[in-house]
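Structure data (compact mmCIF, C-alpha atoms) from work.txt:
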```
# COMPACT_ATOMS: atom_id res chain seq x y z
CA MET Z 15 -3.79 8.37 14.13
CA LYS Z 16 -2.29 8.98 17.56
CA LYS Z 17 1.07 10.71 17.67
CA TYR Z 18 3.45 7.87 17.02
CA ASP Z 19 7.21 7.74 16.70
CA ILE Z 20 7.12 4.88 14.21
CA THR Z 21 8.51 4.23 10.76
CA VAL Z 22 6.05 3.16 8.10
CA GLY Z 23 6.85 2.30 4.51
CA ILE Z 24 4.30 3.48 1.96
CA ALA Z 25 4.68 1.42 -1.20
CA ILE Z 26 2.95 2.98 -4.19
CA THR Z 27 1.86 0.94 -7.21
CA GLY Z 28 0.21 1.94 -10.48
CA SER Z 29 -3.37 2.82 -9.62
CA PHE Z 30 -2.73 6.34 -10.85
CA CYS Z 31 -6.26 7.66 -10.23
CA THR Z 32 -5.76 7.24 -6.47
CA PHE Z 33 -2.47 9.12 -6.18
CA ASP Z 34 -4.09 12.35 -4.95
CA LYS Z 35 -5.84 10.49 -2.11
CA ILE Z 36 -2.64 8.65 -1.16
CA THR Z 37 -0.74 11.95 -1.11
CA THR Z 38 -3.24 13.32 1.42
CA VAL Z 39 -2.85 10.20 3.58
CA ILE Z 40 0.94 10.55 3.53
CA GLU Z 41 0.69 14.22 4.51
CA THR Z 42 -1.54 13.31 7.47
CA LEU Z 43 0.78 10.54 8.64
CA VAL Z 44 3.77 12.87 8.52
CA GLU Z 45 1.83 15.55 10.44
CA ASP Z 46 1.10 12.90 13.09
CA GLY Z 47 4.81 12.26 13.58
CA VAL Z 48 5.11 9.08 11.55
CA HIS Z 49 8.38 8.62 9.66
CA VAL Z 50 7.23 7.66 6.17
CA ILE Z 51 9.60 5.89 3.78
CA PRO Z 52 8.25 6.03 0.21
CA ILE Z 53 8.68 3.06 -2.12
CA PHE Z 54 7.62 3.07 -5.77
CA SER Z 55 6.83 0.30 -8.21
CA ASP Z 56 8.47 0.51 -11.62
CA HIS Z 57 5.24 1.75 -13.21
CA ALA Z 58 4.45 4.29 -10.49
CA LYS Z 59 7.89 5.86 -10.81
CA THR Z 60 8.10 5.96 -14.62
CA LEU Z 61 4.71 6.16 -16.34
CA ASN Z 62 3.31 9.58 -17.18
CA THR Z 63 -0.48 9.49 -17.31
CA ARG Z 64 -3.44 11.84 -17.52
CA PHE Z 65 -3.17 11.99 -13.72
CA GLY Z 66 0.31 13.52 -13.76
CA GLN Z 67 4.01 13.23 -14.46
CA ALA Z 68 5.80 10.37 -12.71
CA ASP Z 69 9.02 12.22 -11.84
CA GLU Z 70 7.08 15.15 -10.36
CA PHE Z 71 5.00 12.78 -8.23
CA VAL Z 72 8.10 11.01 -6.88
CA LYS Z 73 9.68 14.39 -5.99
CA GLN Z 74 6.46 15.57 -4.33
CA ILE Z 75 6.28 12.48 -2.10
CA GLU Z 76 9.99 12.73 -1.24
CA LYS Z 77 9.49 16.37 -0.24
CA ILE Z 78 6.46 15.56 1.94
CA THR Z 79 8.18 12.65 3.69
CA GLY Z 80 11.67 14.13 3.88
CA HIS Z 81 13.03 10.76 2.72
CA GLU Z 82 14.53 9.66 -0.57
CA ALA Z 83 12.30 7.12 -2.27
CA ILE Z 84 13.22 3.48 -2.67
CA LEU Z 85 13.10 2.97 -6.44
CA THR Z 86 14.94 -0.30 -7.13
CA ILE Z 87 14.81 -3.92 -6.04
CA PRO Z 88 18.37 -3.79 -4.61
CA ASP Z 89 17.43 -0.72 -2.54
CA ALA Z 90 14.32 -2.48 -1.19
CA GLU Z 91 16.07 -5.70 -0.16
CA PRO Z 92 17.79 -4.27 2.97
CA ILE Z 93 14.36 -3.67 4.54
CA GLY Z 94 14.59 -7.31 5.60
CA PRO Z 95 17.99 -7.55 7.30
CA LYS Z 96 17.91 -3.99 8.67
CA GLY Z 97 14.31 -4.35 9.90
CA TYR Z 98 13.76 -0.60 10.11
CA LEU Z 99 10.05 -0.50 9.21
CA ASP Z 100 7.43 -0.97 11.93
CA ALA Z 101 4.76 -1.49 9.26
CA LEU Z 102 4.54 -1.46 5.48
CA VAL Z 103 1.47 -0.22 3.60
CA ILE Z 104 0.98 -0.95 -0.09
CA ALA Z 105 -1.22 1.95 -1.14
CA PRO Z 106 -2.60 1.79 -3.70
CA CYS Z 107 -2.21 -1.95 -4.16
CA THR Z 108 -3.27 -3.02 -7.63
CA GLY Z 109 -4.74 -6.40 -8.52
CA ASN Z 110 -1.51 -7.16 -10.37
CA THR Z 111 0.54 -6.54 -7.22
CA MET Z 112 -1.86 -8.60 -5.06
CA ALA Z 113 -1.68 -11.51 -7.52
CA LYS Z 114 2.11 -11.46 -7.53
CA LEU Z 115 2.33 -11.08 -3.75
CA CYS Z 116 -0.04 -14.01 -3.31
CA ASN Z 117 2.14 -16.16 -5.54
CA GLY Z 118 5.53 -15.15 -4.16
CA ILE Z 119 6.66 -13.15 -7.19
CA THR Z 120 9.25 -10.49 -6.38
CA ASP Z 121 9.88 -8.51 -9.55
CA THR Z 122 9.34 -4.89 -8.45
CA PRO Z 123 10.71 -2.70 -5.65
CA VAL Z 124 7.31 -2.84 -3.91
CA LEU Z 125 7.15 -6.63 -3.97
CA MET Z 126 10.75 -6.91 -2.77
CA ALA Z 127 9.93 -4.49 0.05
CA ALA Z 128 6.90 -6.63 1.00
CA LYS Z 129 8.89 -9.88 0.93
CA ALA Z 130 11.76 -8.35 2.90
CA HIS Z 131 9.40 -6.80 5.45
CA LEU Z 132 7.35 -9.97 5.98
CA ARG Z 133 10.48 -11.93 6.87
CA ASN Z 134 10.59 -9.80 10.03
CA GLU Z 135 7.03 -10.88 10.95
CA LYS Z 136 5.80 -7.30 11.01
CA PRO Z 137 2.48 -6.09 9.60
CA LEU Z 138 1.95 -5.62 5.89
CA ILE Z 139 -1.18 -3.58 5.14
CA ILE Z 140 -2.91 -3.73 1.76
CA SER Z 141 -4.92 -0.74 0.56
CA MET Z 142 -6.42 -2.19 -2.60
CA SER Z 143 -7.44 -0.52 -5.81
CA SER Z 144 -8.46 -3.15 -8.34
CA ASN Z 145 -10.89 -3.28 -11.23
CA ASP Z 146 -11.06 -7.07 -10.92
CA ALA Z 147 -11.24 -7.52 -7.15
CA LEU Z 148 -14.53 -9.40 -7.46
CA GLY Z 149 -13.38 -11.21 -10.60
CA MET Z 150 -10.07 -12.87 -11.34
CA ASN Z 151 -8.40 -11.41 -8.24
CA LEU Z 152 -10.99 -12.53 -5.69
CA LYS Z 153 -9.14 -15.80 -5.02
CA ASN Z 154 -5.90 -13.88 -4.39
CA ILE Z 155 -7.61 -11.54 -1.94
CA GLY Z 156 -9.03 -14.53 -0.08
CA MET Z 157 -5.63 -16.17 0.13
CA LEU Z 158 -3.91 -12.96 1.28
CA MET Z 159 -6.54 -12.47 3.98
CA ASN Z 160 -5.52 -15.81 5.43
CA MET Z 161 -1.77 -15.13 5.43
CA LYS Z 162 0.06 -14.29 8.62
CA ASN Z 163 0.89 -10.62 9.22
CA ILE Z 164 -1.17 -9.35 6.26
CA TYR Z 165 -3.99 -6.89 6.96
CA PHE Z 166 -6.44 -5.05 4.73
CA VAL Z 167 -7.64 -1.48 4.76
CA PRO Z 168 -11.45 -1.84 4.59
CA PHE Z 169 -12.73 -1.65 1.04
CA GLY Z 170 -15.91 -1.39 -0.99
CA GLN Z 171 -17.22 -1.23 -4.53
CA ASP Z 172 -16.44 2.12 -6.08
CA ASN Z 173 -18.69 1.99 -9.15
CA TYR Z 174 -20.83 -1.14 -9.11
CA GLN Z 175 -22.94 -0.09 -12.11
CA LYS Z 176 -20.13 0.55 -14.60
CA LYS Z 177 -17.40 -1.59 -12.99
CA PRO Z 178 -19.14 -4.38 -11.02
CA ASN Z 179 -15.89 -6.20 -10.15
CA SER Z 180 -14.02 -3.09 -8.98
CA MET Z 181 -13.21 -2.41 -5.34
CA ILE Z 182 -11.06 0.21 -3.66
CA ALA Z 183 -9.94 0.80 -0.11
CA HIS Z 184 -11.33 3.47 2.16
CA VAL Z 185 -7.96 5.23 2.27
CA GLU Z 186 -9.10 7.48 5.11
CA LEU Z 187 -8.85 4.33 7.27
CA ILE Z 188 -5.18 3.61 6.50
CA ALA Z 189 -3.92 5.14 9.76
CA GLU Z 190 -6.53 3.26 11.82
CA THR Z 191 -5.66 0.03 10.02
CA VAL Z 192 -1.96 0.52 10.73
CA GLU Z 193 -2.68 1.13 14.43
CA ALA Z 194 -4.72 -2.06 14.66
CA ALA Z 195 -2.18 -4.09 12.67
CA LEU Z 196 0.61 -3.01 15.01
CA GLU Z 197 -1.50 -4.61 17.75
CA GLY Z 198 -2.07 -7.74 15.66
CA ARG Z 199 -5.70 -6.89 14.84
CA GLN Z 200 -7.63 -6.57 11.60
CA ILE Z 201 -10.12 -3.71 11.85
CA GLN Z 202 -13.68 -4.67 11.06
CA PRO Z 203 -15.77 -4.73 9.04
CA ILE Z 204 -13.39 -5.27 6.16
CA VAL Z 205 -16.05 -4.90 3.45
CA ARG Z 206 -17.89 -1.59 3.81
CA SER Z 207 -20.50 0.41 1.96
CA PRO Z 208 -19.95 1.47 -1.64
CA PHE Z 209 -18.51 4.89 -2.34
```
Can you give me the file's structure in the form of structure tokens?
Amino acid sequence: MKKYDITVGIAITGSFCTFDKITTVIETLVEDGVHVIPIFSDHAKTLNTRFGQADEFVKQIEKITGHEAILTIPDAEPIGPKGYLDALVIAPCTGNTMAKLCNGITDTPVLMAAKAHLRNEKPLIISMSSNDALGMNLKNIGMLMNMKNIYFVPFGQDNYQKKPNSMIAHVELIAETVEAALEGRQIQPIVRSPF
């Protein structure tokens, strides 16, 4: 990404296996001068998994970004009236989060951040990680692709033999997707080669 003096929210949901990749993306954005505001879903901030301890992960991201994380729905709501984000990236964005976003459900800090941000008609970027992207969630993806101010990080199948419905974003393209979204463009192609 070019050196930008912009503020980008990174909203993290519970695709725990992608946290290492997202951490690297956040580090790169910060190195490029982007002000990153971390936002965590309830699961991302509380569930300890084989991929790590939740509280340690939150502290790590806060240290990298230099910003206290948004951890509650009330703390996410002011994103709307204050309008301080230039873009918001949900990364990783689970199928559960996409389904709720598509249907206007606002029951986590990430979804409140998305709703609040979209009211300002600024870009919301989805970096998906879903085991049912080509199954039950395909209709939600299609609907989100046709919604104003929503953009997708290009994605592909990550393990088509063992998980034929699973797709994940090419997270290395998050910065490029944000740049394009700030110009009102969706980078193409959206669907790319498998991993």
- Task: Could you give me, as number ranges by chain, the residues within 8 Å of range 114-117 of chain Z, counting all atoms listed in the file and dropping anything in the same chain fewer than 3 positions from it?
- Result: Z: 110-111, 120, 125, 128, 154, 157-158
With 5 Å added on each side, what axis-aligned box encloses every listed atom of range 42-51 of chain Z? Give the centre and edge lengths in Å to one decimal, as lines of an AutoDock Vina configuration file.
```
center_x = 4.0
center_y = 10.7
center_z = 8.7
size_x = 21.1
size_y = 19.7
size_z = 19.8
```
- Query: Quick one: residues within 7 Å of Ile87 in chain Z, only C-alpha atoms counted, chain neighbours fewer than 2 positions away excluded, as a PyMOL selection string?
  - Reply: chain Z and resi 89-91+122-123+126
- Message: For range 166-168 of chain Z, find every residue with an atom within 10 Å (counting all atoms listed in the file), except residues of its own chain fewer than 5 positions away, and show them as a PyMOL selection string.
- Response: chain Z and resi 103-105+138-142+155+158-159+182-192+195+200-207
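Of the residues under consideration (Z:Ala68, Z:Leu85, Z:Val44, Z:Leu196), Z:Leu85 shows the shortest atom-to-atom contact distance to Ala127 in chain Z when counting only C-alpha atoms.
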- Query: What's the 7 Å shell around Leu148 in chain Z, counting only C-alpha atoms, without same-chain residues fewer than 3 positions away, as a ChimeraX atom specification?
  - Reply: /Z:151-152,179-180
- Select, counting only C-alpha atoms, all protein, DNA and RNA residues no farther than 10 Å from (5.2, -13.1, 9.7) in file coordinates, and express the selection as a ChimeraX atom specification. /Z:131-138,161-164
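When only C-alpha atoms are used to compute distances to Ile26 in chain Z, the closest of the residues Z:Asn145, Z:Asn160, Z:Ser55, Z:Thr63 turns out to be Z:Ser55.
Nearest to Ser29 in chain Z of all the residues Z:Ala83, Z:Gln74, Z:Asn62, Z:Ser144 is Z:Ser144, based on all atoms listed in the file.
Closest approach to Glu193 in chain Z from the set Z:Gln171, Z:Val22, Z:Glu70, Z:Gly149 is made by Z:Val22, with distances taken over only C-alpha atoms.
Every protein, DNA or RNA residue with an atom at most 6 Å from Ser143 in chain Z, where only C-alpha atoms count and chain neighbours fewer than 4 positions away do not, is listed here: Z:Pro106, Z:Cys107, Z:Thr108, Z:Ile182.
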- Message: Between Z:Lys96, Z:His81, Z:Arg199, Z:Lys177, which residue has the minimum interatomic distance to Ile53 in chain Z, considering only C-alpha atoms?
- Response: Z:His81
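Picture a line from CA of Val39 in chain Z to CA of Gly198 in chain Z; it runs 21.6 Å.
CA of Ile36 in chain Z is positioned 9.2 Å from CA of Ile24 in chain Z.
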